[in-house]
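Peer 1: Have a peek at start.cif (mmCIF, C-alpha atoms).
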```cif
data_model
loop_
_atom_site.group_PDB
_atom_site.id
_atom_site.type_symbol
_atom_site.label_atom_id
_atom_site.label_comp_id
_atom_site.auth_asym_id
_atom_site.auth_seq_id
_atom_site.Cartn_x
_atom_site.Cartn_y
_atom_site.Cartn_z
ATOM 1 C CA MET A 1 89.020 63.762 146.976
ATOM 2 C CA THR A 2 90.371 67.210 146.336
ATOM 3 C CA THR A 3 89.212 70.445 147.790
ATOM 4 C CA LEU A 4 89.235 73.768 146.061
ATOM 5 C CA GLN A 5 90.973 76.672 147.684
ATOM 6 C CA ASN A 6 89.643 80.162 147.241
ATOM 7 C CA ALA A 7 92.083 82.368 145.405
ATOM 8 C CA THR A 8 91.381 85.689 147.071
ATOM 9 C CA THR A 9 93.043 88.574 145.354
ATOM 10 C CA ARG A 10 93.073 92.172 146.354
ATOM 11 C CA VAL A 11 92.823 94.543 143.441
ATOM 12 C CA PRO A 12 94.276 98.010 144.105
ATOM 13 C CA VAL A 13 91.174 100.172 143.640
ATOM 14 C CA VAL A 14 92.624 103.686 143.431
ATOM 15 C CA PRO A 15 95.285 102.881 140.802
ATOM 16 C CA VAL A 16 92.699 100.952 138.761
ATOM 17 C CA VAL A 17 90.284 103.903 138.772
ATOM 18 C CA VAL A 18 93.031 106.400 137.939
ATOM 19 C CA ALA A 19 94.325 104.243 135.056
ATOM 20 C CA ALA A 20 90.841 103.700 133.617
ATOM 21 C CA VAL A 21 89.799 107.353 133.805
ATOM 22 C CA ALA A 22 93.144 108.564 132.486
ATOM 23 C CA SER A 23 93.065 106.151 129.562
ATOM 24 C CA GLN A 24 89.693 107.489 128.461
ATOM 25 C CA PHE A 25 90.329 111.207 128.914
ATOM 26 C CA VAL A 26 94.066 111.854 128.357
ATOM 27 C CA ASP A 27 93.602 112.192 124.603
ATOM 28 C CA ASP A 28 90.715 114.639 125.130
ATOM 29 C CA VAL A 29 92.870 116.819 127.361
ATOM 30 C CA ALA A 30 95.659 116.722 124.771
ATOM 31 C CA TYR A 31 93.293 118.236 122.190
ATOM 32 C CA PHE A 32 92.791 121.296 124.392
ATOM 33 C CA VAL A 33 96.422 121.679 125.432
ATOM 34 C CA PHE A 34 97.932 120.981 121.996
ATOM 35 C CA PRO A 35 95.387 122.052 119.348
ATOM 36 C CA PRO A 36 97.275 120.342 116.455
ATOM 37 C CA ALA A 37 96.682 117.056 118.305
ATOM 38 C CA ALA A 38 93.030 117.360 117.280
ATOM 39 C CA LEU A 39 94.097 115.890 113.947
ATOM 40 C CA LEU A 40 94.270 112.577 115.818
ATOM 41 C CA ALA A 41 90.590 112.811 116.812
ATOM 42 C CA PRO A 42 89.432 110.025 114.456
ATOM 43 C CA ALA A 43 91.919 107.685 116.146
ATOM 44 C CA SER A 44 90.788 108.679 119.617
ATOM 45 C CA ALA A 45 89.155 105.334 120.414
ATOM 46 C CA PHE A 46 92.270 103.398 119.430
ATOM 47 C CA ILE A 47 94.434 105.732 121.481
ATOM 48 C CA ALA A 48 92.169 104.988 124.470
ATOM 49 C CA VAL A 49 92.585 101.235 123.871
ATOM 50 C CA LEU A 50 96.379 101.570 123.789
ATOM 51 C CA LEU A 51 96.364 103.781 126.876
ATOM 52 C CA THR A 52 94.235 101.178 128.678
ATOM 53 C CA ALA A 53 96.843 98.511 127.933
ATOM 54 C CA LEU A 54 99.610 100.818 129.115
ATOM 55 C CA GLY A 55 97.666 101.757 132.264
ATOM 56 C CA ALA A 56 97.042 98.099 133.085
ATOM 57 C CA ARG A 57 100.745 97.386 132.645
ATOM 58 C CA LEU A 58 101.700 100.226 134.991
ATOM 59 C CA VAL A 59 99.156 99.270 137.664
ATOM 60 C CA THR A 60 100.236 95.613 137.669
ATOM 61 C CA ARG A 61 104.013 96.100 137.535
ATOM 62 C CA ARG A 62 104.484 95.053 141.189
ATOM 63 C CA LEU A 63 101.815 92.363 141.308
ATOM 64 C CA SER A 64 102.222 88.655 140.712
ATOM 65 C CA GLY A 65 100.119 85.578 140.176
ATOM 66 C CA VAL A 66 96.405 85.812 139.532
ATOM 67 C CA ALA A 67 96.347 89.386 140.784
ATOM 68 C CA VAL A 68 97.921 90.517 137.505
ATOM 69 C CA ALA A 69 95.139 89.215 135.267
ATOM 70 C CA ARG A 70 92.366 90.245 137.646
ATOM 71 C CA THR A 71 93.713 93.772 137.990
ATOM 72 C CA GLY A 72 94.134 94.038 134.218
ATOM 73 C CA LEU A 73 90.541 92.879 133.844
ATOM 74 C CA ALA A 74 89.409 95.531 136.320
ATOM 75 C CA VAL A 75 91.257 98.286 134.448
ATOM 76 C CA GLY A 76 89.879 97.121 131.100
ATOM 77 C CA ALA A 77 86.316 96.735 132.350
ATOM 78 C CA LEU A 78 86.222 100.117 134.062
ATOM 79 C CA SER A 79 87.795 101.834 131.071
ATOM 80 C CA ALA A 80 85.308 100.146 128.731
ATOM 81 C CA GLY A 81 82.421 101.140 130.979
ATOM 82 C CA ILE A 82 83.530 104.762 131.037
ATOM 83 C CA GLY A 83 83.942 104.719 127.265
ATOM 84 C CA LEU A 84 80.440 103.314 126.807
ATOM 85 C CA ALA A 85 78.951 105.844 129.195
ATOM 86 C CA VAL A 86 80.595 108.719 127.331
ATOM 87 C CA SER A 87 80.047 107.563 123.744
ATOM 88 C CA GLY A 88 76.762 105.674 123.995
ATOM 89 C CA PHE A 89 75.825 102.054 123.457
ATOM 90 C CA GLY A 90 76.051 101.794 119.675
ATOM 91 C CA TRP A 91 77.405 98.853 117.731
ATOM 92 C CA LEU A 92 80.853 100.363 117.149
ATOM 93 C CA SER A 93 81.047 101.466 120.784
ATOM 94 C CA MET A 94 80.374 97.899 121.910
ATOM 95 C CA VAL A 95 83.132 96.565 119.644
ATOM 96 C CA LEU A 96 85.594 99.164 120.949
ATOM 97 C CA ALA A 97 84.555 98.429 124.544
ATOM 98 C CA THR A 98 85.321 94.761 123.954
ATOM 99 C CA LEU A 99 88.725 95.673 122.524
ATOM 100 C CA THR A 100 89.339 97.907 125.538
ATOM 101 C CA LEU A 101 88.488 95.082 127.928
ATOM 102 C CA VAL A 102 90.825 92.689 126.131
ATOM 103 C CA ALA A 103 93.539 95.360 126.009
ATOM 104 C CA GLY A 104 93.374 95.746 129.784
ATOM 105 C CA VAL A 105 94.034 92.062 130.364
ATOM 106 C CA ALA A 106 96.572 91.786 127.554
ATOM 107 C CA GLY A 107 98.455 94.853 128.722
ATOM 108 C CA ALA A 108 98.761 93.373 132.175
ATOM 109 C CA VAL A 109 99.708 89.839 131.140
ATOM 110 C CA VAL A 110 101.614 89.885 127.832
ATOM 111 C CA GLY A 111 105.377 89.882 128.133
ATOM 112 C CA ARG A 112 105.569 88.727 131.739
ATOM 113 C CA ARG A 113 107.736 85.841 132.776
ATOM 114 C CA ASN A 114 105.843 82.794 133.926
ATOM 115 C CA PRO A 115 107.654 81.226 136.896
ATOM 116 C CA ALA A 116 105.634 78.024 136.474
ATOM 117 C CA THR A 117 107.285 77.281 133.140
ATOM 118 C CA ASP A 118 110.818 78.382 134.058
#
```
Using structure tokens, write down the structure that the file contains.

Peer 2:
Amino acid sequence: MTTLQNATTRVPVVPVVVAAVASQFVDDVAYFVFPPAALLAPASAFIAVLLTALGARLVTRRLSGVAVARTGLAVGALSAGIGLAVSGFGWLSMVLATLTLVAGVAGAVVGRRNPATD
């Protein structure tokens, strides 16, 4: 008989919130500060997806184990939720929210060394 152990993980709340909010609004601020950057407006959603991956990577740089994936998931989910709240719940918004969620986890996990396979 085996017993399951709870894998409790503490997700750093403040960095997750800052990364999610920043990933959704940094490109908007850039349009006001650098008016020529408004030419990138059609790519704004994809910039937010890339910034979510980068934010998840930065938030999880000192974490290890399951905390990395869970924190990346938190960044992606919060960023996707903010994006949906701002842009509405249309079909394209749902697709981009899904990409944002995946980008949060992928940004946190991809490229890390796995000590279990070393």

Peer 1: What does the PyMOL selection byres ((chain A and resi 21) around 10) select in this file, as a PyMOL selection string?

Peer 2: chain A and resi 15-20+22-26+48+52+55+75+78-80+82-83

Peer 1: Which centre and edge lengths in Å to one decimal define the box along x, y and z that fits every listed atom of range 37-53 of chain A plus 6 Å per side, as lines of an AutoDock Vina configuration file?

Peer 2:
```
center_x = 93.0
center_y = 107.9
center_z = 121.3
size_x = 19.7
size_y = 30.8
size_z = 26.7
```

Peer 1: With the PyMOL selection byres ((chain A and resi 11) around 8) as the selection, what would be picked from this file? Answer as JSON, numbers by chain, please.

Peer 2: {"A": [9, 10, 12, 13, 16, 67, 70, 71, 74]}

Peer 1: Using CA of Ala77 in chain A and CA of Leu39 in chain A as the two end points, give the distance in Å to one decimal.

Peer 2: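 Spanning CA of Ala77 in chain A to CA of Leu39 in chain A is a straight-line distance of 27.7 Å.
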
Peer 1: Just to confirm, what's the straight-line distance from CA of Leu99 in chain A to CA of Ser87 in chain A in Å (one decimal)?

Peer 2: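 Rounded to one decimal, the two atoms are 14.8 Å apart.
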
Peer 1: Figure out the distance between CA of Ala45 in chain A and CA of Leu92 in chain A, please, to one decimal in Å.

Peer 2: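 Interatomic distance here is 10.2 Å.
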
Peer 1: Excluding same-chain residues fewer than 4 positions from Gly107 in chain A, what lies within 12 Å of it counting only C-alpha atoms, as a list of chain:residue names?

Peer 2: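 Selected residues are A:Val49, A:Leu50, A:Leu51, A:Thr52, A:Ala53, A:Leu54, A:Gly55, A:Ala56, A:Arg57, A:Leu58, A:Val59, A:Thr60, A:Arg61, A:Val68, A:Ala69, A:Arg70, A:Thr71, A:Gly72, A:Leu73, A:Ala74, A:Val75, A:Gly76, A:Leu99, A:Thr100, A:Leu101, A:Val102, A:Ala103, A:Gly111, A:Arg112.
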
Peer 1: Just checking: using all atoms listed in the file, which residue out of A:Pro36, A:Gly81, A:Gly65, A:Pro42 ends up closest to Met94 in chain A?

Peer 2: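 Ranked by minimum distance to Met94 in chain A, first place goes to A:Gly81.
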
Peer 1: Give me the residues near Asp27 in chain A as number ranges by chain, where near means some atom within 7 Å (using all atoms listed in the file) and where sequence neighbours in that chain fewer than 3 positions away do not count.

Peer 2: A: 30-31, 44

Peer 1: Measuring atom to atom with only C-alpha atoms, identify which of A:Leu84, A:Leu96, A:Val14, A:Leu63 is nearest to Ile47 in chain A.

Peer 2: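 Comparing A:Leu84, A:Leu96, A:Val14, A:Leu63 against Ile47 in chain A, the winner is A:Leu96.
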
Peer 1: Just write range 77-116 of chain A with C-alpha atoms, as a JSON list (two decimals), in the first residue's frame, taken from the block above.

Peer 2:
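What landed in decode-v5.json:
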```json
[["chain", "number", "residue", "atom", "x", "y", "z"],
["A", 77, "ALA", "CA", -3.87, 32.32, -15.78],
["A", 78, "LEU", "CA", -3.89, 35.77, -14.20],
["A", 79, "SER", "CA", -2.52, 37.37, -17.36],
["A", 80, "ALA", "CA", -5.14, 35.57, -19.46],
["A", 81, "GLY", "CA", -7.88, 36.64, -17.08],
["A", 82, "ILE", "CA", -6.80, 40.27, -17.24],
["A", 83, "GLY", "CA", -6.63, 40.07, -21.03],
["A", 84, "LEU", "CA", -10.14, 38.63, -21.20],
["A", 85, "ALA", "CA", -11.49, 41.25, -18.83],
["A", 86, "VAL", "CA", -9.99, 44.06, -20.91],
["A", 87, "SER", "CA", -10.76, 42.75, -24.41],
["A", 88, "GLY", "CA", -14.01, 40.85, -23.87],
["A", 89, "PHE", "CA", -14.95, 37.21, -24.20],
["A", 90, "GLY", "CA", -14.96, 36.79, -27.97],
["A", 91, "TRP", "CA", -13.71, 33.78, -29.87],
["A", 92, "LEU", "CA", -10.32, 35.28, -30.74],
["A", 93, "SER", "CA", -9.90, 36.54, -27.17],
["A", 94, "MET", "CA", -10.47, 33.02, -25.86],
["A", 95, "VAL", "CA", -7.86, 31.60, -28.24],
["A", 96, "LEU", "CA", -5.33, 34.27, -27.20],
["A", 97, "ALA", "CA", -6.14, 33.68, -23.52],
["A", 98, "THR", "CA", -5.38, 29.99, -24.00],
["A", 99, "LEU", "CA", -2.08, 30.86, -25.68],
["A", 100, "THR", "CA", -1.30, 33.22, -22.81],
["A", 101, "LEU", "CA", -1.97, 30.49, -20.25],
["A", 102, "VAL", "CA", 0.26, 28.04, -22.10],
["A", 103, "ALA", "CA", 2.94, 30.72, -22.50],
["A", 104, "GLY", "CA", 3.01, 31.26, -18.74],
["A", 105, "VAL", "CA", 3.74, 27.61, -18.05],
["A", 106, "ALA", "CA", 6.10, 27.23, -21.00],
["A", 107, "GLY", "CA", 8.02, 30.35, -20.09],
["A", 108, "ALA", "CA", 8.56, 29.02, -16.60],
["A", 109, "VAL", "CA", 9.47, 25.45, -17.55],
["A", 110, "VAL", "CA", 11.16, 25.36, -20.97],
["A", 111, "GLY", "CA", 14.93, 25.39, -20.91],
["A", 112, "ARG", "CA", 15.36, 24.39, -17.28],
["A", 113, "ARG", "CA", 17.61, 21.56, -16.26],
["A", 114, "ASN", "CA", 15.82, 18.55, -14.87],
["A", 115, "PRO", "CA", 17.83, 17.12, -11.96],
["A", 116, "ALA", "CA", 15.81, 13.89, -12.12]]
```
